[in-house]
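Here is the structure we will look at, set down as structure tokens.
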2 protein chains.
Amino acid sequence: MSTPKQFDRLVPTGDTHERDVCRTCGFVNYQNPRIVVGSVVRHAGKVLLCRRAIEPRRGFWTVPAGYLELHETPEDGARREAREEALADLALGELLAIYSVPHLSQVQLIWRAELNTPGTGTALFGAGEESLEVALFDWDNLPTDEIAFPTVHWMLKHEREVMAKGYRGPFGNPE
Amino acid sequence: MSTPKQFDRLVPTGDTHERDVCRTCGFVNYQNPRIVVGSVVRHAGKVLLCRRAIEPRRGFWTVPAGYLELHETPEDGARREAREEALADLALGELLAIYSVPHLSQVQLIWRAELNTPGTGTALFGAGEESLEVALFDWDNLPTDEIAFPTVHWMLKHEREVMAKGYRGPFGNPE
């Protein structure tokens with residue numbers, strides 16, 4: 001989001017930080033960090049990934065994830081993103097990780113999840129509008145060179161660690 | 001934050017949700033859920049609480065907590081709020097809880113914490129600008145009838161549960 005020129009940068013009365021205040025109407029444009037909600041989805045010993053149909057990183061693989069909307073719980077947001085991007089219905093488990101990307105003012109909340117299995121003959125998943133394709137990968141055959149974002153590498157590594165050693169609380173950014 | 005009248009409610013090109021779009025300049029006012037970062041602070045077998053000097057709930061007790069700022073990690077935000085509200089320097093532990101208050105579009109990230117102890121003769125904590133007073137409470141003598149917000153009740157209960165049974169991952173909203 002870019003800030004139009006009619007906003008001035010100043011500290012509103014009673015505030016402690018500079019904000020963008022509209023020169024014309026005095027509207028204070030509070031910009032809050034954005035919350036990304038997503039999940040590492042397991043099924044039949046594999047992991048579900050989506051190949052992005054949109055920029056940034058079109059053609060690269062990621063997990064179902066996106067921005068939390070207003071009046072939405074993070075868990076509902078994670079399930080909605082999986083429905084939108086992977087046409088998948090999830091059973092969420094533990095909170096796998098909370099990552100922060102401060103230069104993008106982004107906080108990522110990533111859950112462990114499994115695919116809910118619908119009735120016979122119904123697809124478990126498919127490519128939503130923002131995905132070129134959706135597929136299950138063996139943990140030993142991940143598309144490592146075609147992963148969209150650093151945090152996706154982190155969460156796949158962290159999920160493997162939980163599968164090997166059990167859950168002991170959410171991971172944060174690696175050192 | 002109230003929306004001035006010159007904003008129209010519509011779905012921008014390539015978006016999936018209605019947003020506030022300025023009639024004059026086309027500026028899209030993306031409103032994101034807000035992240036509250038805070039901590040349940042232990043010291044010498046007690047818990048630190050702040051009596052609010054500001055509305056809402058002036059005069060009621062809460063933990064050091066507030067809105068995450070842009071370009072800030074949640075952990076840095078939790079430490080900053082404790083410095084601002086309780087003049088306290090924290091050592092953060094595990095993520096105690098992630099609560100959501102969807103009607104306020106709020107996600108709360110609450111850490112377990114302990115007071116760092118400065119050199120002899122230096123106060124461990126004090127009342128910052130937004131606090132009337134800051135005090136340590138025995139766990140058996142909490143100001144239960146003067147707690148500011150429901151989530152503060154939740155986190156105090158959840159911290160007691162961790163102290164009794166050990167840490168097993170973050171709590172969510174109670175049923």
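Residues are named by chain letter and number: chains run A, B, ... in the order of the structure tokens, numbers start at 1 in each chain, and ligands are numbered from 1 in the order shown.
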LSQ fit chain A -> chain B, C-alpha in sequence order, output as a compact mmCIF listing (two decimals) with N, CA and C atoms, in the first residue's frame:
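Just written: selection.txt:
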# COMPACT_ATOMS: atom_id res chain seq x y z
N MET A 1 -11.23 3.63 15.44
CA MET A 1 -11.06 4.48 14.25
C MET A 1 -12.38 4.56 13.49
N SER A 2 -12.91 5.74 13.24
CA SER A 2 -14.13 5.86 12.46
C SER A 2 -13.79 6.22 11.02
N THR A 3 -14.63 5.81 10.12
CA THR A 3 -14.38 6.04 8.70
C THR A 3 -15.09 7.31 8.24
N PRO A 4 -14.34 8.29 7.74
CA PRO A 4 -15.00 9.51 7.28
C PRO A 4 -15.93 9.23 6.10
N LYS A 5 -16.84 10.16 5.86
CA LYS A 5 -17.89 9.92 4.86
C LYS A 5 -17.38 9.90 3.43
N GLN A 6 -16.21 10.47 3.17
CA GLN A 6 -15.76 10.51 1.77
C GLN A 6 -15.22 9.17 1.27
N PHE A 7 -15.25 8.15 2.11
CA PHE A 7 -14.85 6.83 1.65
C PHE A 7 -16.07 6.06 1.14
N ASP A 8 -15.92 5.40 -0.02
CA ASP A 8 -16.94 4.49 -0.51
C ASP A 8 -16.54 3.06 -0.20
N ARG A 9 -17.54 2.21 -0.06
CA ARG A 9 -17.32 0.81 0.26
C ARG A 9 -17.41 0.03 -1.05
N LEU A 10 -16.30 -0.46 -1.57
CA LEU A 10 -16.34 -1.25 -2.81
C LEU A 10 -15.17 -2.21 -2.92
N VAL A 11 -15.26 -3.16 -3.86
CA VAL A 11 -14.22 -4.15 -4.06
C VAL A 11 -13.23 -3.63 -5.10
N PRO A 12 -11.98 -3.31 -4.66
CA PRO A 12 -11.00 -2.83 -5.63
C PRO A 12 -10.66 -3.93 -6.66
N THR A 13 -10.20 -3.53 -7.84
CA THR A 13 -9.81 -4.47 -8.89
C THR A 13 -8.81 -5.49 -8.35
N GLY A 14 -9.07 -6.76 -8.61
CA GLY A 14 -8.14 -7.81 -8.20
C GLY A 14 -8.26 -8.20 -6.74
N ASP A 15 -9.20 -7.60 -6.03
CA ASP A 15 -9.39 -7.91 -4.60
C ASP A 15 -10.60 -8.83 -4.45
N THR A 16 -10.77 -9.41 -3.26
CA THR A 16 -11.91 -10.30 -3.04
C THR A 16 -12.87 -9.75 -1.99
N HIS A 17 -12.46 -8.69 -1.29
CA HIS A 17 -13.29 -8.15 -0.21
C HIS A 17 -13.58 -6.67 -0.45
N GLU A 18 -14.69 -6.20 0.09
CA GLU A 18 -14.99 -4.77 0.06
C GLU A 18 -13.99 -4.00 0.92
N ARG A 19 -13.56 -2.83 0.43
CA ARG A 19 -12.65 -1.97 1.20
C ARG A 19 -13.20 -0.55 1.18
N ASP A 20 -12.66 0.31 2.05
CA ASP A 20 -12.98 1.73 2.01
C ASP A 20 -12.06 2.40 1.00
N VAL A 21 -12.66 2.97 -0.04
CA VAL A 21 -11.89 3.62 -1.10
C VAL A 21 -12.26 5.10 -1.12
N CYS A 22 -11.26 5.98 -1.09
CA CYS A 22 -11.55 7.41 -1.03
C CYS A 22 -12.14 7.89 -2.35
N ARG A 23 -13.27 8.59 -2.25
CA ARG A 23 -13.99 9.11 -3.41
C ARG A 23 -13.14 10.10 -4.20
N THR A 24 -12.28 10.82 -3.48
CA THR A 24 -11.51 11.89 -4.10
C THR A 24 -10.25 11.36 -4.79
N CYS A 25 -9.48 10.54 -4.07
CA CYS A 25 -8.15 10.19 -4.60
C CYS A 25 -7.98 8.70 -4.91
N GLY A 26 -8.98 7.87 -4.59
CA GLY A 26 -8.86 6.44 -4.91
C GLY A 26 -8.01 5.65 -3.91
N PHE A 27 -7.52 6.33 -2.88
CA PHE A 27 -6.73 5.66 -1.83
C PHE A 27 -7.54 4.51 -1.21
N VAL A 28 -6.95 3.32 -1.16
CA VAL A 28 -7.63 2.17 -0.56
C VAL A 28 -7.18 2.05 0.90
N ASN A 29 -8.12 2.21 1.81
CA ASN A 29 -7.80 2.14 3.24
C ASN A 29 -7.94 0.69 3.73
N TYR A 30 -6.88 -0.12 3.47
CA TYR A 30 -6.89 -1.49 3.97
C TYR A 30 -6.88 -1.45 5.49
N GLN A 31 -7.89 -2.05 6.10
CA GLN A 31 -7.90 -2.11 7.55
C GLN A 31 -7.57 -3.51 7.96
N ASN A 32 -6.48 -3.65 8.68
CA ASN A 32 -6.05 -4.98 9.11
C ASN A 32 -6.44 -5.18 10.57
N PRO A 33 -6.66 -6.44 10.91
CA PRO A 33 -6.88 -6.73 12.33
C PRO A 33 -5.69 -6.19 13.12
N ARG A 34 -5.93 -5.84 14.37
CA ARG A 34 -4.84 -5.28 15.16
C ARG A 34 -4.25 -6.34 16.09
N ILE A 35 -2.95 -6.27 16.25
CA ILE A 35 -2.24 -7.23 17.09
C ILE A 35 -1.92 -6.57 18.43
N VAL A 36 -2.43 -7.16 19.51
CA VAL A 36 -2.07 -6.73 20.85
C VAL A 36 -0.96 -7.66 21.35
N VAL A 37 0.12 -7.09 21.83
CA VAL A 37 1.20 -7.89 22.40
C VAL A 37 1.32 -7.54 23.88
N GLY A 38 1.52 -8.57 24.70
CA GLY A 38 1.58 -8.31 26.14
C GLY A 38 2.21 -9.49 26.86
N SER A 39 2.22 -9.39 28.18
CA SER A 39 2.89 -10.44 28.94
C SER A 39 2.35 -10.55 30.36
N VAL A 40 2.38 -11.78 30.84
CA VAL A 40 2.10 -12.06 32.25
C VAL A 40 3.46 -12.15 32.93
N VAL A 41 3.73 -11.17 33.79
CA VAL A 41 5.08 -10.98 34.34
C VAL A 41 5.14 -11.51 35.77
N ARG A 42 6.02 -12.46 35.98
CA ARG A 42 6.21 -13.02 37.32
C ARG A 42 7.46 -12.43 37.98
N HIS A 43 7.39 -12.29 39.30
CA HIS A 43 8.58 -11.89 40.06
C HIS A 43 8.38 -12.30 41.52
N ALA A 44 9.36 -12.99 42.06
CA ALA A 44 9.35 -13.38 43.47
C ALA A 44 8.04 -14.07 43.86
N GLY A 45 7.55 -14.94 42.99
CA GLY A 45 6.35 -15.70 43.29
C GLY A 45 5.06 -14.92 43.15
N LYS A 46 5.15 -13.68 42.65
CA LYS A 46 3.96 -12.85 42.47
C LYS A 46 3.79 -12.49 41.00
N VAL A 47 2.72 -11.77 40.72
CA VAL A 47 2.46 -11.36 39.34
C VAL A 47 2.28 -9.84 39.29
N LEU A 48 2.85 -9.24 38.25
CA LEU A 48 2.83 -7.78 38.11
C LEU A 48 1.58 -7.32 37.35
N LEU A 49 0.89 -6.35 37.93
CA LEU A 49 -0.28 -5.78 37.24
C LEU A 49 -0.19 -4.25 37.25
N CYS A 50 -0.85 -3.64 36.27
CA CYS A 50 -0.85 -2.18 36.12
C CYS A 50 -2.29 -1.67 36.25
N ARG A 51 -2.45 -0.60 37.02
CA ARG A 51 -3.79 0.01 37.12
C ARG A 51 -3.87 1.11 36.06
N ARG A 52 -4.84 0.99 35.18
CA ARG A 52 -4.91 1.83 33.99
C ARG A 52 -5.20 3.30 34.32
N ALA A 53 -4.40 4.18 33.70
CA ALA A 53 -4.60 5.63 33.86
C ALA A 53 -5.43 6.19 32.71
N ILE A 54 -5.76 5.32 31.75
CA ILE A 54 -6.47 5.79 30.55
C ILE A 54 -7.72 4.96 30.30
N GLU A 55 -8.62 5.55 29.52
CA GLU A 55 -9.81 4.82 29.10
C GLU A 55 -9.44 3.92 27.92
N PRO A 56 -10.12 2.83 27.65
CA PRO A 56 -11.24 2.33 28.46
C PRO A 56 -10.75 1.65 29.74
N ARG A 57 -11.67 1.59 30.72
CA ARG A 57 -11.42 0.87 31.96
C ARG A 57 -10.35 1.51 32.82
N ARG A 58 -10.36 2.86 32.87
CA ARG A 58 -9.46 3.58 33.77
C ARG A 58 -9.69 3.10 35.20
N GLY A 59 -8.59 2.91 35.95
CA GLY A 59 -8.70 2.49 37.34
C GLY A 59 -8.74 0.98 37.53
N PHE A 60 -8.86 0.24 36.44
CA PHE A 60 -8.89 -1.22 36.55
C PHE A 60 -7.51 -1.81 36.24
N TRP A 61 -7.33 -3.05 36.67
CA TRP A 61 -6.00 -3.68 36.56
C TRP A 61 -5.85 -4.50 35.29
N THR A 62 -4.67 -4.43 34.72
CA THR A 62 -4.38 -5.19 33.51
C THR A 62 -2.91 -5.60 33.51
N VAL A 63 -2.49 -6.34 32.49
CA VAL A 63 -1.07 -6.66 32.32
C VAL A 63 -0.47 -5.64 31.35
N PRO A 64 0.87 -5.51 31.32
CA PRO A 64 1.48 -4.64 30.32
C PRO A 64 1.19 -5.19 28.92
N ALA A 65 0.51 -4.40 28.10
CA ALA A 65 0.10 -4.86 26.77
C ALA A 65 -0.34 -3.67 25.93
N GLY A 66 -0.22 -3.80 24.64
CA GLY A 66 -0.68 -2.73 23.76
C GLY A 66 -0.51 -3.13 22.31
N TYR A 67 -0.78 -2.19 21.41
CA TYR A 67 -0.75 -2.51 19.99
C TYR A 67 0.67 -2.62 19.45
N LEU A 68 0.90 -3.66 18.67
CA LEU A 68 2.16 -3.81 17.96
C LEU A 68 2.29 -2.69 16.94
N GLU A 69 3.48 -2.12 16.85
CA GLU A 69 3.73 -1.05 15.89
C GLU A 69 4.31 -1.62 14.59
N LEU A 70 4.26 -0.82 13.53
CA LEU A 70 4.88 -1.22 12.27
C LEU A 70 6.37 -1.50 12.48
N HIS A 71 6.89 -2.47 11.74
CA HIS A 71 8.32 -2.80 11.74
C HIS A 71 8.85 -3.23 13.10
N GLU A 72 7.98 -3.81 13.90
CA GLU A 72 8.36 -4.25 15.24
C GLU A 72 8.07 -5.74 15.33
N THR A 73 8.95 -6.52 15.95
CA THR A 73 8.60 -7.92 16.18
C THR A 73 7.65 -7.97 17.38
N PRO A 74 6.79 -9.00 17.44
CA PRO A 74 5.88 -9.10 18.59
C PRO A 74 6.62 -9.14 19.92
N GLU A 75 7.75 -9.82 19.97
CA GLU A 75 8.52 -9.89 21.22
C GLU A 75 9.03 -8.50 21.62
N ASP A 76 9.57 -7.75 20.65
CA ASP A 76 10.02 -6.39 20.95
C ASP A 76 8.84 -5.53 21.40
N GLY A 77 7.69 -5.72 20.79
CA GLY A 77 6.50 -4.96 21.18
C GLY A 77 6.08 -5.25 22.61
N ALA A 78 6.12 -6.53 22.99
CA ALA A 78 5.74 -6.90 24.36
C ALA A 78 6.70 -6.27 25.37
N ARG A 79 7.99 -6.29 25.05
CA ARG A 79 8.97 -5.68 25.95
C ARG A 79 8.80 -4.15 26.00
N ARG A 80 8.51 -3.53 24.84
CA ARG A 80 8.30 -2.08 24.82
C ARG A 80 7.11 -1.67 25.68
N GLU A 81 6.02 -2.42 25.58
CA GLU A 81 4.84 -2.08 26.37
C GLU A 81 5.13 -2.16 27.86
N ALA A 82 5.93 -3.14 28.27
CA ALA A 82 6.28 -3.26 29.69
C ALA A 82 7.16 -2.09 30.14
N ARG A 83 8.05 -1.65 29.23
CA ARG A 83 8.87 -0.48 29.57
C ARG A 83 7.99 0.76 29.70
N GLU A 84 7.05 0.94 28.76
CA GLU A 84 6.22 2.15 28.74
C GLU A 84 5.23 2.18 29.92
N GLU A 85 4.60 1.06 30.19
CA GLU A 85 3.50 1.06 31.15
C GLU A 85 3.94 0.71 32.56
N ALA A 86 5.04 -0.02 32.68
CA ALA A 86 5.45 -0.50 34.02
C ALA A 86 6.92 -0.20 34.30
N LEU A 87 7.58 0.57 33.43
CA LEU A 87 9.01 0.90 33.59
C LEU A 87 9.82 -0.34 33.94
N ALA A 88 9.45 -1.45 33.31
CA ALA A 88 10.03 -2.75 33.65
C ALA A 88 10.76 -3.34 32.46
N ASP A 89 11.86 -4.01 32.76
CA ASP A 89 12.66 -4.69 31.75
C ASP A 89 12.38 -6.19 31.86
N LEU A 90 11.91 -6.80 30.77
CA LEU A 90 11.44 -8.18 30.83
C LEU A 90 12.38 -9.18 30.19
N ALA A 91 12.40 -10.39 30.75
CA ALA A 91 12.94 -11.57 30.06
C ALA A 91 11.72 -12.39 29.64
N LEU A 92 11.51 -12.49 28.33
CA LEU A 92 10.35 -13.22 27.84
C LEU A 92 10.60 -14.72 27.84
N GLY A 93 9.56 -15.47 28.14
CA GLY A 93 9.61 -16.93 28.06
C GLY A 93 8.75 -17.43 26.91
N GLU A 94 7.99 -18.47 27.17
CA GLU A 94 7.15 -19.07 26.12
C GLU A 94 5.95 -18.19 25.77
N LEU A 95 5.38 -18.43 24.60
CA LEU A 95 4.12 -17.80 24.22
C LEU A 95 3.01 -18.47 25.04
N LEU A 96 2.43 -17.71 25.97
CA LEU A 96 1.40 -18.28 26.85
C LEU A 96 0.10 -18.51 26.11
N ALA A 97 -0.30 -17.56 25.28
CA ALA A 97 -1.65 -17.64 24.70
C ALA A 97 -1.76 -16.79 23.44
N ILE A 98 -2.68 -17.24 22.59
CA ILE A 98 -3.09 -16.42 21.46
C ILE A 98 -4.62 -16.37 21.51
N TYR A 99 -5.12 -15.19 21.84
CA TYR A 99 -6.56 -15.00 21.96
C TYR A 99 -7.05 -14.19 20.77
N SER A 100 -8.31 -14.40 20.39
CA SER A 100 -8.86 -13.54 19.35
C SER A 100 -10.15 -12.91 19.84
N VAL A 101 -10.31 -11.65 19.50
CA VAL A 101 -11.50 -10.89 19.85
C VAL A 101 -12.05 -10.39 18.51
N PRO A 102 -12.75 -11.30 17.77
CA PRO A 102 -13.11 -10.95 16.38
C PRO A 102 -14.02 -9.74 16.27
N HIS A 103 -14.87 -9.48 17.26
CA HIS A 103 -15.75 -8.31 17.12
C HIS A 103 -14.96 -7.01 17.21
N LEU A 104 -13.76 -7.06 17.79
CA LEU A 104 -12.87 -5.89 17.78
C LEU A 104 -11.77 -6.04 16.74
N SER A 105 -11.81 -7.12 15.95
CA SER A 105 -10.74 -7.42 14.98
C SER A 105 -9.37 -7.36 15.64
N GLN A 106 -9.28 -8.07 16.75
CA GLN A 106 -8.07 -8.02 17.56
C GLN A 106 -7.53 -9.43 17.79
N VAL A 107 -6.22 -9.57 17.64
CA VAL A 107 -5.54 -10.82 17.98
C VAL A 107 -4.54 -10.48 19.08
N GLN A 108 -4.58 -11.22 20.17
CA GLN A 108 -3.68 -10.95 21.29
C GLN A 108 -2.62 -12.04 21.39
N LEU A 109 -1.37 -11.62 21.44
CA LEU A 109 -0.25 -12.55 21.63
C LEU A 109 0.37 -12.25 22.99
N ILE A 110 0.26 -13.22 23.90
CA ILE A 110 0.65 -12.99 25.30
C ILE A 110 1.79 -13.93 25.69
N TRP A 111 2.87 -13.35 26.14
CA TRP A 111 4.03 -14.13 26.55
C TRP A 111 4.07 -14.33 28.07
N ARG A 112 4.74 -15.40 28.48
CA ARG A 112 5.17 -15.56 29.87
C ARG A 112 6.43 -14.72 30.01
N ALA A 113 6.62 -14.10 31.16
CA ALA A 113 7.80 -13.25 31.33
C ALA A 113 8.20 -13.17 32.79
N GLU A 114 9.47 -12.81 32.98
CA GLU A 114 9.96 -12.50 34.33
C GLU A 114 10.62 -11.14 34.29
N LEU A 115 10.65 -10.49 35.44
CA LEU A 115 11.33 -9.20 35.54
C LEU A 115 12.84 -9.42 35.50
N ASN A 116 13.53 -8.66 34.66
CA ASN A 116 14.97 -8.61 34.78
C ASN A 116 15.31 -7.73 35.98
N THR A 117 16.31 -8.14 36.75
CA THR A 117 16.65 -7.38 37.95
C THR A 117 17.88 -6.52 37.69
N PRO A 118 17.71 -5.20 37.75
CA PRO A 118 18.84 -4.29 37.53
C PRO A 118 19.74 -4.25 38.78
N GLY A 119 20.73 -3.38 38.78
CA GLY A 119 21.65 -3.29 39.92
C GLY A 119 20.95 -2.86 41.20
N THR A 120 21.60 -3.07 42.33
CA THR A 120 21.06 -2.69 43.64
C THR A 120 20.67 -1.21 43.66
N GLY A 121 19.57 -0.92 44.29
CA GLY A 121 19.16 0.47 44.43
C GLY A 121 18.36 1.00 43.26
N THR A 122 18.22 0.19 42.21
CA THR A 122 17.41 0.62 41.07
C THR A 122 16.04 -0.04 41.17
N ALA A 123 14.99 0.74 40.96
CA ALA A 123 13.63 0.18 41.05
C ALA A 123 13.42 -0.86 39.97
N LEU A 124 12.69 -1.92 40.32
CA LEU A 124 12.39 -2.98 39.35
C LEU A 124 11.29 -2.57 38.39
N PHE A 125 10.41 -1.70 38.87
CA PHE A 125 9.29 -1.26 38.05
C PHE A 125 8.69 0.00 38.65
N GLY A 126 7.76 0.60 37.93
CA GLY A 126 7.10 1.81 38.42
C GLY A 126 5.96 2.15 37.47
N ALA A 127 5.21 3.18 37.80
CA ALA A 127 4.05 3.53 36.98
C ALA A 127 4.49 4.39 35.79
N GLY A 128 4.29 3.87 34.58
CA GLY A 128 4.50 4.67 33.38
C GLY A 128 3.33 5.61 33.15
N GLU A 129 3.39 6.38 32.07
CA GLU A 129 2.38 7.41 31.81
C GLU A 129 0.95 6.88 31.75
N GLU A 130 0.80 5.64 31.26
CA GLU A 130 -0.55 5.11 31.08
C GLU A 130 -1.04 4.31 32.28
N SER A 131 -0.24 4.33 33.38
CA SER A 131 -0.60 3.57 34.58
C SER A 131 -0.74 4.49 35.79
N LEU A 132 -1.76 4.25 36.61
CA LEU A 132 -1.90 4.96 37.88
C LEU A 132 -0.96 4.39 38.92
N GLU A 133 -0.83 3.05 38.90
CA GLU A 133 0.14 2.39 39.77
C GLU A 133 0.46 1.01 39.20
N VAL A 134 1.58 0.48 39.62
CA VAL A 134 2.00 -0.85 39.19
C VAL A 134 2.36 -1.60 40.45
N ALA A 135 1.90 -2.85 40.57
CA ALA A 135 2.12 -3.58 41.83
C ALA A 135 2.27 -5.07 41.56
N LEU A 136 2.92 -5.74 42.53
CA LEU A 136 3.01 -7.21 42.50
C LEU A 136 1.91 -7.78 43.38
N PHE A 137 1.20 -8.77 42.87
CA PHE A 137 0.10 -9.39 43.61
C PHE A 137 0.42 -10.85 43.89
N ASP A 138 0.02 -11.30 45.10
CA ASP A 138 0.03 -12.74 45.37
C ASP A 138 -1.01 -13.40 44.47
N TRP A 139 -0.68 -14.59 43.99
CA TRP A 139 -1.62 -15.31 43.13
C TRP A 139 -2.94 -15.61 43.86
N ASP A 140 -2.90 -15.69 45.19
CA ASP A 140 -4.12 -15.97 45.94
C ASP A 140 -4.85 -14.71 46.36
N ASN A 141 -4.36 -13.57 45.92
CA ASN A 141 -4.97 -12.32 46.34
C ASN A 141 -5.03 -11.32 45.17
N LEU A 142 -5.46 -11.84 44.02
CA LEU A 142 -5.56 -11.01 42.82
C LEU A 142 -6.77 -10.07 42.93
N PRO A 143 -6.71 -8.88 42.29
CA PRO A 143 -7.85 -7.95 42.34
C PRO A 143 -8.94 -8.39 41.36
N THR A 144 -9.49 -9.56 41.63
CA THR A 144 -10.39 -10.24 40.69
C THR A 144 -11.57 -9.38 40.25
N ASP A 145 -12.09 -8.57 41.18
CA ASP A 145 -13.26 -7.76 40.85
C ASP A 145 -12.90 -6.46 40.14
N GLU A 146 -11.60 -6.22 39.99
CA GLU A 146 -11.17 -4.96 39.37
C GLU A 146 -10.25 -5.20 38.19
N ILE A 147 -10.47 -6.31 37.50
CA ILE A 147 -9.67 -6.64 36.30
C ILE A 147 -10.30 -5.93 35.10
N ALA A 148 -9.44 -5.36 34.24
CA ALA A 148 -9.93 -4.48 33.17
C ALA A 148 -10.67 -5.21 32.05
N PHE A 149 -10.16 -6.36 31.62
CA PHE A 149 -10.71 -7.00 30.42
C PHE A 149 -10.84 -8.51 30.62
N PRO A 150 -11.81 -9.13 29.92
CA PRO A 150 -11.96 -10.60 30.03
C PRO A 150 -10.69 -11.36 29.71
N THR A 151 -9.94 -10.92 28.69
CA THR A 151 -8.73 -11.68 28.33
C THR A 151 -7.69 -11.67 29.45
N VAL A 152 -7.72 -10.65 30.33
CA VAL A 152 -6.77 -10.63 31.45
C VAL A 152 -7.13 -11.73 32.45
N HIS A 153 -8.42 -11.94 32.68
CA HIS A 153 -8.84 -13.09 33.49
C HIS A 153 -8.32 -14.39 32.87
N TRP A 154 -8.50 -14.51 31.55
CA TRP A 154 -8.09 -15.75 30.87
C TRP A 154 -6.60 -16.01 31.05
N MET A 155 -5.78 -14.97 30.81
CA MET A 155 -4.33 -15.20 30.82
C MET A 155 -3.82 -15.48 32.23
N LEU A 156 -4.43 -14.88 33.26
CA LEU A 156 -4.00 -15.17 34.63
C LEU A 156 -4.34 -16.63 34.97
N LYS A 157 -5.51 -17.07 34.55
CA LYS A 157 -5.91 -18.46 34.75
C LYS A 157 -4.97 -19.40 33.99
N HIS A 158 -4.65 -19.06 32.76
CA HIS A 158 -3.79 -19.91 31.94
C HIS A 158 -2.36 -19.97 32.49
N GLU A 159 -1.87 -18.84 32.99
CA GLU A 159 -0.53 -18.84 33.59
C GLU A 159 -0.50 -19.76 34.82
N ARG A 160 -1.54 -19.69 35.63
CA ARG A 160 -1.60 -20.59 36.81
C ARG A 160 -1.59 -22.04 36.38
N GLU A 161 -2.27 -22.32 35.28
CA GLU A 161 -2.33 -23.69 34.78
C GLU A 161 -0.94 -24.15 34.33
N VAL A 162 -0.20 -23.26 33.68
CA VAL A 162 1.17 -23.61 33.25
C VAL A 162 2.07 -23.81 34.47
N MET A 163 1.92 -22.92 35.47
CA MET A 163 2.76 -23.06 36.67
C MET A 163 2.49 -24.39 37.36
N ALA A 164 1.24 -24.85 37.31
CA ALA A 164 0.88 -26.10 37.99
C ALA A 164 1.26 -27.33 37.18
N LYS A 165 1.10 -27.26 35.84
CA LYS A 165 1.19 -28.49 35.04
C LYS A 165 2.32 -28.47 34.01
N GLY A 166 3.02 -27.35 33.90
CA GLY A 166 4.06 -27.24 32.87
C GLY A 166 3.51 -26.68 31.57
N TYR A 167 4.43 -26.27 30.70
CA TYR A 167 4.05 -25.63 29.44
C TYR A 167 3.83 -26.68 28.35
N ARG A 168 2.72 -26.57 27.66
CA ARG A 168 2.43 -27.54 26.60
C ARG A 168 1.98 -26.86 25.32
N GLY A 169 2.33 -25.60 25.15
CA GLY A 169 1.89 -24.85 23.96
C GLY A 169 0.93 -23.76 24.36
N PRO A 170 0.68 -22.80 23.45
CA PRO A 170 -0.15 -21.66 23.80
C PRO A 170 -1.63 -22.02 23.95
N PHE A 171 -2.28 -21.36 24.89
CA PHE A 171 -3.72 -21.49 25.03
C PHE A 171 -4.42 -20.63 23.99
N GLY A 172 -5.67 -20.94 23.70
CA GLY A 172 -6.52 -20.08 22.88
C GLY A 172 -7.66 -19.57 23.75
N ASN A 173 -8.67 -18.97 23.13
CA ASN A 173 -9.85 -18.54 23.88
C ASN A 173 -10.44 -19.72 24.65
N PRO A 174 -10.88 -19.49 25.89
CA PRO A 174 -11.59 -20.56 26.60
C PRO A 174 -12.91 -20.85 25.89
N GLU A 175 -13.45 -22.04 26.12
CA GLU A 175 -14.74 -22.41 25.50
C GLU A 175 -15.84 -21.43 25.88
From a backbone DSSP assignment, name each residue in region 71-147 of chain A labelled strand (DSSP E or B), as number ranges by chain. A: 90-101, 106-115, 131-138, 147
Dump C-alpha atoms for the selected residues as a PDB file, in the first residue's frame?
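File written: out-v6.pdb
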ATOM      1  CA  LEU A  90      -8.809 -28.502   7.187  1.00  0.00           C
ATOM      2  CA  ALA A  91      -8.718 -29.883  10.708  1.00  0.00           C
ATOM      3  CA  LEU A  92      -6.350 -27.548  12.532  1.00  0.00           C
ATOM      4  CA  GLY A  93      -3.957 -28.818  15.184  1.00  0.00           C
ATOM      5  CA  GLU A  94      -1.399 -26.963  17.273  1.00  0.00           C
ATOM      6  CA  LEU A  95       0.085 -23.556  16.480  1.00  0.00           C
ATOM      7  CA  LEU A  96       3.294 -24.593  14.713  1.00  0.00           C
ATOM      8  CA  ALA A  97       5.015 -21.223  14.548  1.00  0.00           C
ATOM      9  CA  ILE A  98       4.819 -17.501  14.937  1.00  0.00           C
ATOM     10  CA  TYR A  99       7.229 -15.755  12.600  1.00  0.00           C
ATOM     11  CA  SER A 100       7.812 -12.044  12.225  1.00  0.00           C
ATOM     12  CA  VAL A 101       8.958 -10.203   9.142  1.00  0.00           C
ATOM     13  CA  GLN A 106       4.120  -8.846   8.996  1.00  0.00           C
ATOM     14  CA  VAL A 107       3.382 -11.429  11.681  1.00  0.00           C
ATOM     15  CA  GLN A 108       2.745 -14.981  10.504  1.00  0.00           C
ATOM     16  CA  LEU A 109       0.663 -17.447  12.513  1.00  0.00           C
ATOM     17  CA  ILE A 110       1.081 -20.964  11.130  1.00  0.00           C
ATOM     18  CA  TRP A 111      -0.922 -23.967  12.266  1.00  0.00           C
ATOM     19  CA  ARG A 112      -0.350 -27.690  11.918  1.00  0.00           C
ATOM     20  CA  ALA A 113      -3.257 -29.179   9.996  1.00  0.00           C
ATOM     21  CA  GLU A 114      -4.642 -32.279   8.355  1.00  0.00           C
ATOM     22  CA  LEU A 115      -7.007 -32.614   5.435  1.00  0.00           C
ATOM     23  CA  SER A 131      -3.061 -21.423  -7.437  1.00  0.00           C
ATOM     24  CA  LEU A 132      -1.731 -22.920 -10.675  1.00  0.00           C
ATOM     25  CA  GLU A 133      -1.777 -26.365  -9.089  1.00  0.00           C
ATOM     26  CA  VAL A 134      -2.004 -28.009  -5.695  1.00  0.00           C
ATOM     27  CA  ALA A 135      -0.148 -31.227  -4.906  1.00  0.00           C
ATOM     28  CA  LEU A 136       0.955 -33.574  -2.142  1.00  0.00           C
ATOM     29  CA  PHE A 137       4.715 -33.961  -1.775  1.00  0.00           C
ATOM     30  CA  ASP A 138       6.788 -36.630  -0.068  1.00  0.00           C
ATOM     31  CA  ILE A 147       9.789 -22.560  -2.636  1.00  0.00           C
TER      32      ILE A 147
END
